[in-house]
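Shown below: entry32.txt, with compact mmCIF, C-alpha atoms.
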# COMPACT_ATOMS: atom_id res chain seq x y z
CA MET A 25 162.57 56.81 112.94
CA ALA A 26 164.13 60.12 113.97
CA GLY A 27 164.29 62.59 111.11
CA ALA A 28 162.25 60.37 108.77
CA LYS A 29 159.92 62.13 106.36
CA ILE A 30 156.55 60.88 105.08
CA THR A 31 156.23 61.25 101.34
CA GLU A 32 153.49 60.28 98.91
CA SER A 33 154.53 57.40 96.65
CA GLY A 34 151.46 57.52 94.43
CA LYS A 35 151.07 53.75 94.90
CA THR A 36 148.50 53.54 97.65
CA GLN A 37 146.79 50.17 98.05
CA LEU A 38 143.50 52.04 98.01
CA GLN A 39 143.86 52.12 94.24
CA SER A 40 143.12 48.41 94.23
CA ALA A 41 141.11 47.67 97.35
CA SER A 42 139.16 49.08 100.26
CA LEU A 43 141.27 48.94 103.41
CA LEU A 44 140.07 48.75 107.00
CA PHE A 45 142.68 49.64 109.62
CA VAL A 46 141.91 48.43 113.13
CA ASP A 47 143.88 49.47 116.22
CA ASN A 48 143.72 46.29 118.27
CA PRO A 49 144.06 45.45 121.18
CA VAL A 50 141.77 48.23 122.30
CA GLY A 51 143.80 51.12 123.69
CA THR A 52 146.42 51.05 120.94
CA GLY A 53 146.50 53.71 118.24
CA PHE A 54 143.28 55.69 118.17
CA SER A 55 141.21 53.02 119.91
CA TYR A 56 140.41 53.70 123.55
CA VAL A 57 138.46 52.44 126.54
CA ASN A 58 136.18 54.32 128.92
CA THR A 59 136.91 52.14 131.93
CA SER A 60 140.12 50.40 132.95
CA ASP A 61 138.48 46.96 133.16
CA ALA A 62 137.80 47.09 129.40
CA TYR A 63 141.45 46.46 128.50
CA THR A 64 142.15 43.00 127.11
CA LYS A 65 144.09 40.55 129.24
CA ASN A 66 144.76 37.79 126.68
CA LEU A 67 144.52 36.85 123.00
CA ASP A 68 141.05 35.40 123.42
CA MET A 69 139.73 38.81 124.49
CA VAL A 70 141.58 40.50 121.62
CA ALA A 71 140.01 38.09 119.10
CA SER A 72 136.58 38.49 120.69
CA ASP A 73 136.76 42.28 120.38
CA MET A 74 137.75 41.92 116.74
CA MET A 75 134.78 39.63 116.05
CA VAL A 76 132.40 42.20 117.56
CA LEU A 77 133.95 44.95 115.45
CA LEU A 78 133.78 42.95 112.22
CA LYS A 79 130.18 41.90 112.82
CA THR A 80 129.19 45.51 113.50
CA PHE A 81 131.11 46.69 110.44
CA PHE A 82 129.56 44.18 108.06
CA ASP A 83 126.08 44.72 109.49
CA SER A 84 126.35 48.44 108.77
CA HIS A 85 128.22 48.13 105.44
CA LYS A 86 126.18 45.64 103.44
CA ASP A 87 128.27 46.18 100.29
CA PHE A 88 131.22 44.41 101.94
CA GLN A 89 129.27 41.32 102.95
CA SER A 90 129.61 39.22 99.81
CA LEU A 91 131.01 38.75 96.33
CA LEU A 92 127.89 40.41 94.90
CA ASP A 93 127.30 43.97 93.81
CA ASP A 94 123.99 45.72 94.54
CA GLN A 95 122.23 44.32 91.49
CA GLY A 96 123.52 40.81 92.08
CA LEU A 97 122.57 40.97 95.75
CA ALA A 98 119.06 42.07 94.79
CA GLU A 99 118.72 39.13 92.39
CA VAL A 100 119.94 36.62 94.96
CA SER A 101 117.78 38.10 97.71
CA LYS A 102 114.71 37.83 95.51
CA ILE A 103 115.19 34.14 94.76
CA ALA A 104 116.19 33.46 98.40
CA GLU A 105 112.87 34.92 99.55
CA GLN A 106 111.10 32.56 97.17
CA VAL A 107 112.99 29.60 98.64
CA LEU A 108 112.02 30.65 102.17
CA ASP A 109 108.39 31.07 101.15
CA ALA A 110 108.30 27.57 99.67
CA VAL A 111 109.84 26.11 102.84
CA ASN A 112 107.34 27.97 105.02
CA ARG A 113 104.53 26.53 102.87
CA GLU A 114 106.12 23.06 103.25
CA LYS A 115 106.49 22.78 99.47
CA TYR A 116 109.86 21.08 99.73
CA LYS A 117 110.25 19.89 96.13
CA GLU A 118 109.46 23.41 94.97
CA ALA A 119 112.00 24.72 97.48
CA THR A 120 114.63 22.35 96.07
CA GLU A 121 113.96 23.61 92.55
CA LEU A 122 114.23 27.21 93.74
CA TRP A 123 117.42 26.33 95.60
CA GLY A 124 118.87 25.20 92.29
CA LYS A 125 117.80 28.45 90.63
CA ALA A 126 119.30 30.46 93.49
CA GLU A 127 122.65 28.77 93.01
CA MET A 128 122.53 29.53 89.28
CA VAL A 129 121.90 33.22 90.05
CA ILE A 130 124.83 33.27 92.50
CA GLU A 131 127.09 31.51 90.01
CA GLN A 132 126.19 33.94 87.23
CA ASN A 133 126.94 36.94 89.45
CA THR A 134 130.23 35.64 90.90
CA ASP A 135 131.96 34.20 87.84
CA GLY A 136 131.33 30.65 88.98
CA VAL A 137 132.25 30.74 92.66
CA ASN A 138 132.81 27.31 94.21
CA PHE A 139 130.04 26.61 96.72
CA TYR A 140 132.41 24.50 98.78
CA ASN A 141 135.16 27.12 99.02
CA ILE A 142 134.54 30.72 98.01
CA LEU A 143 138.22 31.33 97.24
CA THR A 144 138.04 28.94 94.27
CA LYS A 145 135.91 28.52 91.16
CA SER A 146 133.71 25.68 90.01
CA SER A 147 134.95 23.87 86.91
CA ALA A 148 132.79 23.61 83.82
CA MET A 149 130.35 20.69 83.53
CA SER A 150 131.15 18.13 80.88
CA ALA A 151 128.76 17.10 78.11
CA LYS A 152 128.39 13.68 79.76
CA GLU A 153 127.36 15.22 83.06
CA SER A 154 124.90 17.56 81.39
CA SER A 155 123.15 14.57 79.78
CA LEU A 156 122.47 12.69 83.03
CA GLU A 157 119.13 10.98 83.49
CA PHE A 158 117.68 13.98 85.32
CA THR A 159 114.66 15.35 83.51
CA GLN A 160 114.63 18.58 85.52
CA SER A 161 117.40 21.05 84.79
CA HIS A 162 117.61 22.22 88.41
CA LEU A 163 118.70 18.72 89.48
CA VAL A 164 121.46 18.76 86.87
CA HIS A 165 122.82 22.00 88.29
CA LEU A 166 122.51 20.82 91.89
CA TYR A 167 124.33 17.63 90.97
CA GLN A 168 127.06 19.68 89.32
CA HIS A 169 127.59 21.80 92.42
CA HIS A 170 127.41 19.08 95.04
CA LEU A 171 127.67 15.42 94.02
CA ARG A 172 130.19 16.02 91.26
CA TYR A 173 132.44 17.84 93.70
CA LEU A 174 132.61 14.66 95.79
CA HIS A 175 133.36 12.42 92.80
CA GLN A 176 136.51 13.96 91.41
CA ASP A 177 138.92 11.72 89.52
CA ALA A 178 141.47 11.30 92.31
CA LEU A 179 138.85 10.20 94.85
CA SER A 180 137.07 7.92 92.39
CA GLU A 181 140.37 6.26 91.49
CA LEU A 182 141.14 5.71 95.16
CA MET A 183 137.73 4.24 96.00
CA ASN A 184 137.42 2.09 92.86
CA GLY A 185 141.07 1.03 93.07
CA PRO A 186 142.83 0.09 96.32
CA ILE A 187 139.79 0.61 98.60
CA LYS A 188 137.52 -1.62 96.51
CA LYS A 189 140.25 -4.25 96.32
CA LYS A 190 140.82 -4.12 100.08
CA LEU A 191 137.11 -4.50 100.94
CA LYS A 192 136.83 -7.68 98.81
CA ILE A 193 133.01 -7.64 98.85
CA ILE A 194 132.16 -5.06 96.16
CA PRO A 195 130.83 -6.66 92.94
CA GLU A 196 133.22 -6.29 90.01
CA ASP A 197 130.53 -4.67 87.86
CA TYR A 198 129.72 -1.99 90.46
CA SER A 199 131.74 1.18 90.94
CA TRP A 200 131.82 3.64 93.83
CA GLY A 201 129.19 6.36 93.42
CA ALA A 202 127.44 4.67 90.48
CA GLN A 203 123.96 5.30 91.90
CA ALA A 204 124.62 8.75 93.35
CA THR A 205 122.45 10.53 90.81
CA ASN A 206 119.49 8.25 91.61
CA VAL A 207 119.88 8.90 95.33
CA PHE A 208 120.02 12.64 94.69
CA ALA A 209 116.83 12.54 92.61
CA ASN A 210 114.94 10.42 95.15
CA MET A 211 115.85 12.77 98.01
CA GLU A 212 114.60 15.85 96.16
CA GLY A 213 111.57 16.26 98.41
CA ASP A 214 113.58 16.05 101.62
CA PHE A 215 116.59 18.35 101.08
CA MET A 216 114.90 21.51 102.29
CA LYS A 217 113.00 20.16 105.29
CA PRO A 218 114.07 21.84 108.55
CA VAL A 219 115.38 19.46 111.24
CA ILE A 220 115.90 21.98 114.05
CA ASN A 221 113.33 20.13 116.13
CA ILE A 222 115.46 16.98 115.99
CA VAL A 223 118.47 18.88 117.34
CA ASP A 224 116.24 20.18 120.15
CA GLU A 225 115.22 16.61 120.97
CA LEU A 226 118.85 15.48 121.06
CA LEU A 227 119.85 18.34 123.35
CA GLU A 228 116.89 17.70 125.63
CA ALA A 229 117.86 14.02 125.84
CA GLY A 230 121.37 14.99 126.95
CA VAL A 231 123.09 13.87 123.75
CA ASN A 232 126.26 15.82 122.95
CA VAL A 233 125.66 17.87 119.80
CA THR A 234 128.64 19.26 117.86
CA VAL A 235 128.27 21.77 115.03
CA TYR A 236 131.25 22.76 112.91
CA ASN A 237 131.57 25.12 110.00
CA GLY A 238 134.30 26.13 107.57
CA GLN A 239 134.86 29.87 107.28
CA LEU A 240 134.98 29.70 103.46
CA ASP A 241 131.97 27.41 102.98
CA LEU A 242 129.11 28.86 100.95
CA ILE A 243 126.65 25.98 100.72
CA VAL A 244 126.62 25.63 104.54
CA ASP A 245 127.75 29.11 105.53
CA THR A 246 128.46 30.44 109.01
CA MET A 247 125.61 32.94 109.00
CA GLY A 248 123.17 30.17 108.10
CA GLN A 249 124.51 27.95 110.87
CA GLU A 250 124.15 30.70 113.45
CA SER A 251 120.65 31.48 112.16
CA TRP A 252 119.23 28.00 112.72
CA ILE A 253 120.96 27.68 116.09
CA ARG A 254 119.16 30.86 117.21
CA LYS A 255 115.86 29.09 116.42
CA LEU A 256 116.49 26.28 118.90
CA LYS A 257 114.03 25.99 121.78
CA TRP A 258 116.69 24.46 124.02
CA PRO A 259 116.33 26.02 127.51
CA GLU A 260 120.08 26.69 127.76
CA LEU A 261 120.34 28.53 124.42
CA ALA A 262 120.54 31.99 125.99
CA LYS A 263 123.52 30.98 128.11
CA PHE A 264 125.21 29.39 125.10
CA SER A 265 124.65 32.52 122.99
CA GLN A 266 126.19 34.78 125.64
CA LEU A 267 129.50 32.92 125.53
CA LYS A 268 132.51 34.46 123.81
CA TRP A 269 134.37 32.56 121.14
CA LYS A 270 137.51 30.81 122.39
CA ALA A 271 140.53 30.66 120.07
CA LEU A 272 142.04 27.28 119.16
CA TYR A 273 145.51 26.50 117.80
CA SER A 274 146.29 23.35 115.83
CA ASP A 275 150.02 23.90 116.31
CA PRO A 276 151.03 24.49 119.96
CA ALA A 277 154.21 26.18 118.79
CA SER A 278 152.36 28.73 116.66
CA SER A 279 150.29 31.75 117.65
CA GLU A 280 148.25 31.53 114.44
CA THR A 281 144.58 30.99 115.25
CA SER A 282 143.13 27.88 113.58
CA ALA A 283 139.55 28.03 114.82
CA PHE A 284 137.12 29.40 117.36
CA VAL A 285 134.82 27.40 119.60
CA LYS A 286 132.05 27.99 122.08
CA SER A 287 130.53 25.27 124.21
CA TYR A 288 127.89 25.08 126.93
CA GLU A 289 126.50 21.92 128.48
CA ASN A 290 126.02 19.50 125.56
CA LEU A 291 126.12 21.95 122.61
CA THR A 292 129.43 22.88 120.96
CA PHE A 293 130.07 25.02 117.88
CA TYR A 294 133.43 25.07 116.06
CA TRP A 295 134.21 27.78 113.49
CA ILE A 296 137.18 26.60 111.41
CA LEU A 297 139.32 29.30 109.79
CA ARG A 298 140.78 29.03 106.26
CA ALA A 299 138.53 26.06 105.50
CA GLY A 300 135.64 25.48 103.17
CA HIS A 301 133.04 22.68 103.27
CA MET A 302 135.71 19.96 103.33
CA VAL A 303 137.33 20.86 106.65
CA PRO A 304 139.49 17.68 106.93
CA SER A 305 140.89 18.36 103.45
CA ASP A 306 141.39 22.09 103.89
CA GLN A 307 142.60 22.11 107.51
CA GLY A 308 143.60 18.56 108.39
CA GLU A 309 145.47 19.37 111.60
CA MET A 310 142.60 21.42 112.99
CA ALA A 311 140.08 18.77 111.96
CA LEU A 312 142.10 16.19 113.87
CA LYS A 313 142.30 18.43 116.93
CA MET A 314 138.54 19.00 116.78
CA MET A 315 137.92 15.25 116.60
CA ARG A 316 140.11 14.71 119.66
CA MET A 317 138.20 17.41 121.53
CA VAL A 318 134.83 15.96 120.53
CA THR A 319 135.90 12.51 121.72
CA GLN A 320 137.33 14.04 124.90
CA GLN A 321 140.91 13.09 124.11
CA GLU A 322 141.93 16.72 124.69

As structure tokens:
Amino acid sequence: MAGAKITESGKTQLQSASLLFVDNPVGTGFSYVNTSDAYTKNLDMVASDMMVLLKTFFDSHKDFQSLLDDQGLAEVSKIAEQVLDAVNREKYKEATELWGKAEMVIEQNTDGVNFYNILTKSSAMSAKESSLEFTQSHLVHLYQHHLRYLHQDALSELMNGPIKKKLKIIPEDYSWGAQATNVFANMEGDFMKPVINIVDELLEAGVNVTVYNGQLDLIVDTMGQESWIRKLKWPELAKFSQLKWKALYSDPASSETSAFVKSYENLTFYWILRAGHMVPSDQGEMALKMMRMVTQQE
């Protein structure tokens, strides 16, 4: 405004947080291009430039990559290396036990972050849950983080109430999820086995493979997804990797980005924004749109 003066208020947001100001699209503010064809032409290009910037920023500023401080990151990295070593030695039960320990280290350093949505916290485990038939403590903790999350009261009431009644074939003395702990224990030796080769076989056979990931998911995080995809031996992987992310909008009337997608031949990867592990619950409209795209209804 003409005649306006800039004064210091003494209430800068830098007192509470680190701020990153980005002049985007490129060419605005202090950002600039070296050739005229580098200007963006649409929102997809703007978003793509931002993704490149953020990746570069986080790669070069490791302290902004997670909820952990340097000491916490060192502790998690140490146990993560042990998990990887066990997997490489094909000691999968050992890897599962170390996985449990790794989650405990993360939880201790993040004030109980929820592995299914990093913006929330895990609730405390009840005495009943801590006295399950598991004899190994790591299985108790893994159950707490994963199976228990899927068996919350509201869902259990739904499944053991109207759904059970509607199905008409479930024995009266059996409840939904009653044997979940036994299944979890019996699968202990299989959790950590890589299955990248199976995805390669599916792609080679021409089967459509869809991968999707919630931005706020910790147990199946985006970096991990991208890491295993890079290990594929699929002949078209290089072409897939060179693609730019395409923005998706769940609401046609809104300019708010709901997700990004890249697709080549029979491999498609959706990155869902503002969603944790439970994408349909966190972003129902986008989950529905994704389903329609997967089934070629859009």

Measuring between only C-alpha atoms, which one of A:Val57, A:Ala262, A:Val318, A:Ala299 shows the shortest distance to A:Gly238?
A:Ala299

One decimal place gives the atom CA of A:Tyr288-atom CA of A:Phe264 separation as 5.4 Å

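Taking atom CA of A:Glu127 and atom CA of A:Met211 as endpoints, the distance between them is 18.1 Å.
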
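Distances to A:Tyr116 were evaluated for A:Met216, A:Leu261, A:Leu143, A:Ile130 using all atoms listed in the file, and the minimum falls at A:Met216.
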
Can you pull out the residues contacting A:Asp224? Cut-off 6 Å, using all atoms listed in the file, and skip same-chain residues under 3 positions away; I want them as a VMD selection string.
chain A and resid 221 227 258

Name the closest residue to A:Val46 among the candidates A:Asp275, A:Glu280, A:Asp73, A:Asp61; distances are taken between atoms, counting all atoms listed in the file.
A:Asp73

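Distances here use all atoms listed in the file; by that measure, the residue among A:Ala62, A:Val129, A:Met315, A:Leu77 closest to A:Gln95 is A:Val129.
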
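The space between atom CA of A:Lys117 and atom CA of A:Glu212 spans 5.9 Å.
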
Calculated over all atoms listed in the file, which of the candidates A:Met75, A:Ala271, A:Arg298, A:Arg254 has the smallest distance to A:Ile220?
A:Arg254
